[in-house]
file structure32.csv (CSV, C-alpha atoms)
chain,number,residue,atom,x,y,z
A,96,MET,CA,-40.0,6.2,-0.4
A,97,GLN,CA,-37.0,8.2,-1.5
A,98,VAL,CA,-33.4,7.5,-0.6
A,99,TYR,CA,-31.2,10.5,0.0
A,100,GLU,CA,-27.4,10.6,-0.4
A,101,GLU,CA,-27.3,7.0,-1.8
A,102,LYS,CA,-23.8,5.7,-2.1
A,103,VAL,CA,-22.4,5.3,-5.6
A,104,TYR,CA,-19.8,2.5,-5.8
A,105,VAL,CA,-17.1,1.9,-8.4
A,106,ASP,CA,-18.4,-0.8,-10.8
A,107,GLU,CA,-15.5,-0.7,-13.4
A,108,ILE,CA,-11.8,0.1,-13.4
A,109,VAL,CA,-10.3,1.2,-16.8
A,110,MET,CA,-6.6,1.1,-17.4
A,111,LEU,CA,-5.3,4.3,-19.0
A,112,THR,CA,-1.6,3.4,-19.1
A,113,GLU,CA,-0.1,3.7,-22.6
A,114,GLY,CA,0.5,0.3,-24.1
A,115,TYR,CA,-2.1,-1.6,-22.1
A,116,LYS,CA,-3.9,-4.3,-24.1
A,117,PRO,CA,-6.8,-6.3,-22.9
A,118,TYR,CA,-6.8,-10.1,-23.3
A,119,THR,CA,-9.7,-11.3,-25.6
A,120,LYS,CA,-11.3,-14.7,-26.0
A,121,ASP,CA,-10.4,-14.9,-29.7
A,122,THR,CA,-7.0,-16.5,-29.0
A,123,ALA,CA,-6.1,-19.6,-26.9
A,124,LEU,CA,-3.7,-17.5,-24.8
A,125,GLY,CA,-6.2,-14.7,-24.3
A,126,GLU,CA,-8.9,-17.1,-23.3
A,127,SER,CA,-6.5,-18.9,-20.9
A,128,LYS,CA,-5.5,-15.6,-19.3
A,129,LEU,CA,-9.1,-14.5,-18.9
A,130,ASN,CA,-9.9,-17.8,-17.3
A,131,GLU,CA,-7.0,-17.2,-14.8
A,132,GLY,CA,-8.6,-13.8,-14.0
A,133,ILE,CA,-6.0,-11.7,-15.8
A,134,ASP,CA,-7.7,-8.9,-17.7
A,135,GLY,CA,-4.8,-7.6,-19.8
A,136,TYR,CA,-1.1,-6.8,-20.1
A,137,ILE,CA,1.6,-4.2,-20.7
A,138,THR,CA,4.8,-5.1,-22.4
A,139,LYS,CA,8.1,-3.2,-22.0
A,140,SER,CA,11.7,-3.7,-22.9
A,141,PHE,CA,14.1,-3.6,-19.9
A,142,LYS,CA,16.5,-0.8,-19.5
A,143,GLU,CA,18.3,0.4,-16.4
A,144,GLY,CA,15.9,2.5,-14.3
A,145,LEU,CA,12.7,1.3,-16.0
A,146,LYS,CA,9.6,2.6,-14.3
A,147,VAL,CA,6.0,2.0,-15.4
A,148,GLU,CA,3.4,4.4,-14.1
A,149,LEU,CA,-0.1,2.9,-13.8
A,150,LYS,CA,-3.0,5.2,-14.4
A,151,CYS,CA,-6.6,4.1,-14.0
A,152,GLN,CA,-10.1,5.6,-14.3
A,153,VAL,CA,-13.0,4.5,-12.3
A,154,LYS,CA,-16.6,4.3,-13.5
A,155,PRO,CA,-19.1,5.7,-12.9
A,156,ASP,CA,-17.5,9.2,-12.7
A,157,ASN,CA,-19.7,10.1,-9.8
A,158,ALA,CA,-18.5,7.3,-7.5
A,159,ASP,CA,-18.2,8.4,-3.9
A,160,ASN,CA,-14.8,6.8,-3.3
A,161,LYS,CA,-12.6,6.8,-6.4
A,162,ASN,CA,-9.5,5.6,-4.6
A,163,LEU,CA,-7.8,2.4,-5.8
A,164,LEU,CA,-5.6,-0.1,-4.0
A,165,PHE,CA,-2.6,-1.6,-6.0
A,166,SER,CA,-0.9,-4.8,-4.8
A,167,CYS,CA,1.4,-7.4,-6.2
A,168,GLU,CA,3.6,-10.2,-4.9
A,169,ALA,CA,6.8,-9.0,-3.2
A,170,SER,CA,9.9,-9.6,-5.4
A,171,ASP,CA,13.6,-8.6,-5.7
A,172,ASP,CA,13.0,-8.0,-9.4
A,173,TYR,CA,10.7,-5.0,-9.0
A,174,LYS,CA,9.2,-2.5,-6.4
A,175,LEU,CA,5.7,-1.2,-6.3
A,176,VAL,CA,5.2,2.4,-5.1
A,177,MET,CA,1.9,4.1,-4.4
A,178,ASN,CA,1.9,7.7,-5.6
A,179,SER,CA,0.0,10.6,-3.8
A,180,ASP,CA,-2.0,11.3,-7.0
A,181,GLY,CA,-3.8,7.9,-7.0
A,182,THR,CA,-1.5,6.3,-9.5
A,183,ALA,CA,1.2,3.6,-8.8
A,184,THR,CA,4.7,3.1,-10.2
A,185,ILE,CA,6.5,-0.2,-10.6
A,186,GLU,CA,10.3,0.1,-10.8
A,187,PHE,CA,12.0,-2.9,-12.5
A,188,TYR,CA,15.5,-4.1,-11.7
A,189,LYS,CA,15.6,-6.8,-14.4
A,190,GLY,CA,13.3,-8.5,-17.0
A,191,CYS,CA,10.4,-10.4,-15.4
A,192,VAL,CA,6.6,-10.5,-15.2
A,193,ALA,CA,4.8,-8.6,-12.4
A,194,THR,CA,1.1,-9.5,-11.9
A,195,LEU,CA,-0.7,-6.5,-10.4
A,196,LEU,CA,-4.1,-6.5,-8.7
A,197,ILE,CA,-6.0,-3.2,-8.7
A,198,LYS,CA,-9.1,-3.0,-6.4
A,199,SER,CA,-11.6,-0.2,-5.6
A,200,ALA,CA,-11.2,1.1,-2.0
A,201,ASP,CA,-14.9,1.3,-1.5
A,202,GLY,CA,-15.1,-2.4,-0.6
A,203,LYS,CA,-17.6,-3.4,-3.2
A,204,GLY,CA,-15.3,-5.6,-5.2
A,205,ALA,CA,-14.6,-3.8,-8.5
A,206,ASN,CA,-11.1,-5.0,-9.5
A,207,MET,CA,-8.8,-5.9,-12.4
A,208,THR,CA,-5.6,-7.9,-12.8
A,209,VAL,CA,-2.8,-6.8,-15.1
A,210,GLU,CA,0.4,-8.4,-16.1
A,211,ILE,CA,3.4,-6.2,-16.8
A,212,LYS,CA,5.8,-8.1,-18.9
A,213,VAL,CA,9.4,-6.7,-19.0
A,214,ASN,CA,11.6,-8.4,-21.6
A,215,ASP,CA,15.3,-8.4,-21.0
A,216,PHE,CA,17.1,-9.2,-24.2
A,217,ILE,CA,20.6,-8.8,-22.7
A,218,ASP,CA,20.7,-12.5,-21.8
A,219,LEU,CA,20.2,-13.6,-25.4
call {"tool": "encode", "arguments": {"input": "structure32.csv", "output": "structure tokens"}}
result
Amino acid sequence: MQVYEEKVYVDEIVMLTEGYKPYTKDTALGESKLNEGIDGYITKSFKEGLKVELKCQVKPDNADNKNLLFSCEASDDYKLVMNSDGTATIEFYKGCVATLLIKSADGKGANMTVEIKVNDFIDL
């Protein structure tokens, strides 16, 4: 029996944004974050008009639906905007931590969670 036009689902999401660092189990903090379901982080310094564009790649390359869904908790400190090219941008209004969930739109459950840590040193 042969299956024709078998669906190919996303099984991995790879963060391509510059400055992204995955958490690893070799530190207590890294292990704790991984246990919380947070895969990695991006750290930026706050400045007026700070925007972080989030670019991801899906694997395998031949997945039928490569679209991603970006979501985060609503906040007055930042705003998430979906871009027409499949990326997302978060605009920050002050220093804070935004936790972002990225999911495949194919409904099979590939996802990753990323913290975007924006340090605001003006208050020091």
call {"tool": "atom_distance", "arguments": {"input": "structure32.csv", "atom1": "CA of Lys154 in chain A", "atom2": "CA of Ala205 in chain A"}}
result
9.7 Å
call {"tool": "residues_around", "arguments": {"input": "structure32.csv", "residues": "Pro155 in chain A", "least_positions_apart": "4", "cutoff": "9 Å", "atoms": "all atoms listed in the file", "output": "list in words"}}
result
Val103, Tyr104, Val105, Asp106 and Glu107 of chain A
call {"tool": "residues_around", "arguments": {"input": "structure32.csv", "residues": "Lys198 in chain A", "least_positions_apart": "3", "cutoff": "9 Å", "atoms": "only C-alpha atoms", "output": "PyMOL selection string"}}
result
chain A and resi 108+162-166+201-202+204-208
call {"tool": "residues_around", "arguments": {"input": "structure32.csv", "residues": "range 173-189 of chain A", "least_positions_apart": "2", "cutoff": "12 Å", "atoms": "only C-alpha atoms", "output": "PyMOL selection string"}}
result
chain A and resi 110-112+137+139-153+160-171+191-197+199-200+210-218
call {"tool": "write_last_selection", "arguments": {"input": "structure32.csv", "atoms": "C-alpha atoms", "output": "PDB file, in the frame of the given file"}}
result
ATOM      1  CA  MET A 110      -6.600   1.100 -17.400  1.00  0.00           C
ATOM      2  CA  LEU A 111      -5.300   4.300 -19.000  1.00  0.00           C
ATOM      3  CA  THR A 112      -1.600   3.400 -19.100  1.00  0.00           C
ATOM      4  CA  ILE A 137       1.600  -4.200 -20.700  1.00  0.00           C
ATOM      5  CA  LYS A 139       8.100  -3.200 -22.000  1.00  0.00           C
ATOM      6  CA  SER A 140      11.700  -3.700 -22.900  1.00  0.00           C
ATOM      7  CA  PHE A 141      14.100  -3.600 -19.900  1.00  0.00           C
ATOM      8  CA  LYS A 142      16.500  -0.800 -19.500  1.00  0.00           C
ATOM      9  CA  GLU A 143      18.300   0.400 -16.400  1.00  0.00           C
ATOM     10  CA  GLY A 144      15.900   2.500 -14.300  1.00  0.00           C
ATOM     11  CA  LEU A 145      12.700   1.300 -16.000  1.00  0.00           C
ATOM     12  CA  LYS A 146       9.600   2.600 -14.300  1.00  0.00           C
ATOM     13  CA  VAL A 147       6.000   2.000 -15.400  1.00  0.00           C
ATOM     14  CA  GLU A 148       3.400   4.400 -14.100  1.00  0.00           C
ATOM     15  CA  LEU A 149      -0.100   2.900 -13.800  1.00  0.00           C
ATOM     16  CA  LYS A 150      -3.000   5.200 -14.400  1.00  0.00           C
ATOM     17  CA  CYS A 151      -6.600   4.100 -14.000  1.00  0.00           C
ATOM     18  CA  GLN A 152     -10.100   5.600 -14.300  1.00  0.00           C
ATOM     19  CA  VAL A 153     -13.000   4.500 -12.300  1.00  0.00           C
ATOM     20  CA  ASN A 160     -14.800   6.800  -3.300  1.00  0.00           C
ATOM     21  CA  LYS A 161     -12.600   6.800  -6.400  1.00  0.00           C
ATOM     22  CA  ASN A 162      -9.500   5.600  -4.600  1.00  0.00           C
ATOM     23  CA  LEU A 163      -7.800   2.400  -5.800  1.00  0.00           C
ATOM     24  CA  LEU A 164      -5.600  -0.100  -4.000  1.00  0.00           C
ATOM     25  CA  PHE A 165      -2.600  -1.600  -6.000  1.00  0.00           C
ATOM     26  CA  SER A 166      -0.900  -4.800  -4.800  1.00  0.00           C
ATOM     27  CA  CYS A 167       1.400  -7.400  -6.200  1.00  0.00           C
ATOM     28  CA  GLU A 168       3.600 -10.200  -4.900  1.00  0.00           C
ATOM     29  CA  ALA A 169       6.800  -9.000  -3.200  1.00  0.00           C
ATOM     30  CA  SER A 170       9.900  -9.600  -5.400  1.00  0.00           C
ATOM     31  CA  ASP A 171      13.600  -8.600  -5.700  1.00  0.00           C
ATOM     32  CA  CYS A 191      10.400 -10.400 -15.400  1.00  0.00           C
ATOM     33  CA  VAL A 192       6.600 -10.500 -15.200  1.00  0.00           C
ATOM     34  CA  ALA A 193       4.800  -8.600 -12.400  1.00  0.00           C
ATOM     35  CA  THR A 194       1.100  -9.500 -11.900  1.00  0.00           C
ATOM     36  CA  LEU A 195      -0.700  -6.500 -10.400  1.00  0.00           C
ATOM     37  CA  LEU A 196      -4.100  -6.500  -8.700  1.00  0.00           C
ATOM     38  CA  ILE A 197      -6.000  -3.200  -8.700  1.00  0.00           C
ATOM     39  CA  SER A 199     -11.600  -0.200  -5.600  1.00  0.00           C
ATOM     40  CA  ALA A 200     -11.200   1.100  -2.000  1.00  0.00           C
ATOM     41  CA  GLU A 210       0.400  -8.400 -16.100  1.00  0.00           C
ATOM     42  CA  ILE A 211       3.400  -6.200 -16.800  1.00  0.00           C
ATOM     43  CA  LYS A 212       5.800  -8.100 -18.900  1.00  0.00           C
ATOM     44  CA  VAL A 213       9.400  -6.700 -19.000  1.00  0.00           C
ATOM     45  CA  ASN A 214      11.600  -8.400 -21.600  1.00  0.00           C
ATOM     46  CA  ASP A 215      15.300  -8.400 -21.000  1.00  0.00           C
ATOM     47  CA  PHE A 216      17.100  -9.200 -24.200  1.00  0.00           C
ATOM     48  CA  ILE A 217      20.600  -8.800 -22.700  1.00  0.00           C
ATOM     49  CA  ASP A 218      20.700 -12.500 -21.800  1.00  0.00           C
TER      50      ASP A 218
END
call {"tool": "closest_residue", "arguments": {"input": "structure32.csv", "among": "A:Glu100, A:Gly114, A:Thr138, A:Asn157", "to": "Gly190 in chain A", "atoms": "all atoms listed in the file"}}
result
A:Thr138
call {"tool": "atom_distance", "arguments": {"input": "structure32.csv", "atom1": "CA of Val209 in chain A", "atom2": "CA of Ala158 in chain A"}}
result
22.4 Å
call {"tool": "residues_around", "arguments": {"input": "structure32.csv", "residues": "Thr119 in chain A", "least_positions_apart": "4", "cutoff": "10 Å", "atoms": "all atoms listed in the file", "output": "PyMOL selection string"}}
result
chain A and resi 123-129+134-135
call {"tool": "atom_distance", "arguments": {"input": "structure32.csv", "atom1": "CA of Tyr136 in chain A", "atom2": "CA of Val109 in chain A"}}
result
12.6 Å
call {"tool": "decode", "arguments": {"input": "structure32.csv", "residues": "range 202-214 of chain A", "atoms": "N, CA, C and O atoms", "output": "PDB file, in the first residue's frame"}}
result
ATOM      1  N   GLY A 202      -1.309  22.619  13.520  1.00  0.00           N
ATOM      2  CA  GLY A 202      -2.097  21.937  14.539  1.00  0.00           C
ATOM      3  C   GLY A 202      -1.473  20.686  15.120  1.00  0.00           C
ATOM      4  O   GLY A 202      -2.106  19.983  15.902  1.00  0.00           O
ATOM      5  N   LYS A 203      -0.229  20.410  14.809  1.00  0.00           N
ATOM      6  CA  LYS A 203       0.417  19.195  15.318  1.00  0.00           C
ATOM      7  C   LYS A 203       1.251  19.428  16.573  1.00  0.00           C
ATOM      8  O   LYS A 203       1.822  18.506  17.114  1.00  0.00           O
ATOM      9  N   GLY A 204       1.349  20.647  17.030  1.00  0.00           N
ATOM     10  CA  GLY A 204       1.940  20.886  18.339  1.00  0.00           C
ATOM     11  C   GLY A 204       3.399  21.289  18.415  1.00  0.00           C
ATOM     12  O   GLY A 204       3.924  21.440  19.507  1.00  0.00           O
ATOM     13  N   ALA A 205       4.092  21.492  17.293  1.00  0.00           N
ATOM     14  CA  ALA A 205       5.468  21.991  17.382  1.00  0.00           C
ATOM     15  C   ALA A 205       5.411  23.409  17.948  1.00  0.00           C
ATOM     16  O   ALA A 205       4.623  24.234  17.491  1.00  0.00           O
ATOM     17  N   ASN A 206       6.197  23.681  18.979  1.00  0.00           N
ATOM     18  CA  ASN A 206       6.183  25.014  19.579  1.00  0.00           C
ATOM     19  C   ASN A 206       7.488  25.291  20.291  1.00  0.00           C
ATOM     20  O   ASN A 206       8.285  24.386  20.526  1.00  0.00           O
ATOM     21  N   MET A 207       7.672  26.547  20.628  1.00  0.00           N
ATOM     22  CA  MET A 207       8.795  26.960  21.463  1.00  0.00           C
ATOM     23  C   MET A 207       8.373  28.209  22.235  1.00  0.00           C
ATOM     24  O   MET A 207       7.507  28.958  21.802  1.00  0.00           O
ATOM     25  N   THR A 208       8.976  28.407  23.402  1.00  0.00           N
ATOM     26  CA  THR A 208       8.700  29.569  24.234  1.00  0.00           C
ATOM     27  C   THR A 208      10.003  30.333  24.437  1.00  0.00           C
ATOM     28  O   THR A 208      11.026  29.743  24.780  1.00  0.00           O
ATOM     29  N   VAL A 209       9.937  31.645  24.218  1.00  0.00           N
ATOM     30  CA  VAL A 209      11.121  32.497  24.279  1.00  0.00           C
ATOM     31  C   VAL A 209      10.845  33.688  25.189  1.00  0.00           C
ATOM     32  O   VAL A 209       9.782  34.296  25.111  1.00  0.00           O
ATOM     33  N   GLU A 210      11.812  34.009  26.045  1.00  0.00           N
ATOM     34  CA  GLU A 210      11.742  35.221  26.860  1.00  0.00           C
ATOM     35  C   GLU A 210      12.519  36.322  26.155  1.00  0.00           C
ATOM     36  O   GLU A 210      13.630  36.095  25.689  1.00  0.00           O
ATOM     37  N   ILE A 211      11.927  37.503  26.094  1.00  0.00           N
ATOM     38  CA  ILE A 211      12.639  38.667  25.580  1.00  0.00           C
ATOM     39  C   ILE A 211      12.811  39.602  26.762  1.00  0.00           C
ATOM     40  O   ILE A 211      11.844  40.144  27.296  1.00  0.00           O
ATOM     41  N   LYS A 212      14.058  39.712  27.200  1.00  0.00           N
ATOM     42  CA  LYS A 212      14.388  40.491  28.395  1.00  0.00           C
ATOM     43  C   LYS A 212      14.923  41.856  27.954  1.00  0.00           C
ATOM     44  O   LYS A 212      15.948  41.939  27.287  1.00  0.00           O
ATOM     45  N   VAL A 213      14.207  42.903  28.331  1.00  0.00           N
ATOM     46  CA  VAL A 213      14.626  44.260  27.968  1.00  0.00           C
ATOM     47  C   VAL A 213      15.020  44.974  29.250  1.00  0.00           C
ATOM     48  O   VAL A 213      14.185  45.180  30.134  1.00  0.00           O
ATOM     49  N   ASN A 214      16.291  45.293  29.358  1.00  0.00           N
ATOM     50  CA  ASN A 214      16.828  45.960  30.544  1.00  0.00           C
ATOM     51  C   ASN A 214      16.704  47.468  30.383  1.00  0.00           C
ATOM     52  O   ASN A 214      17.068  48.027  29.352  1.00  0.00           O
TER      53      ASN A 214
END
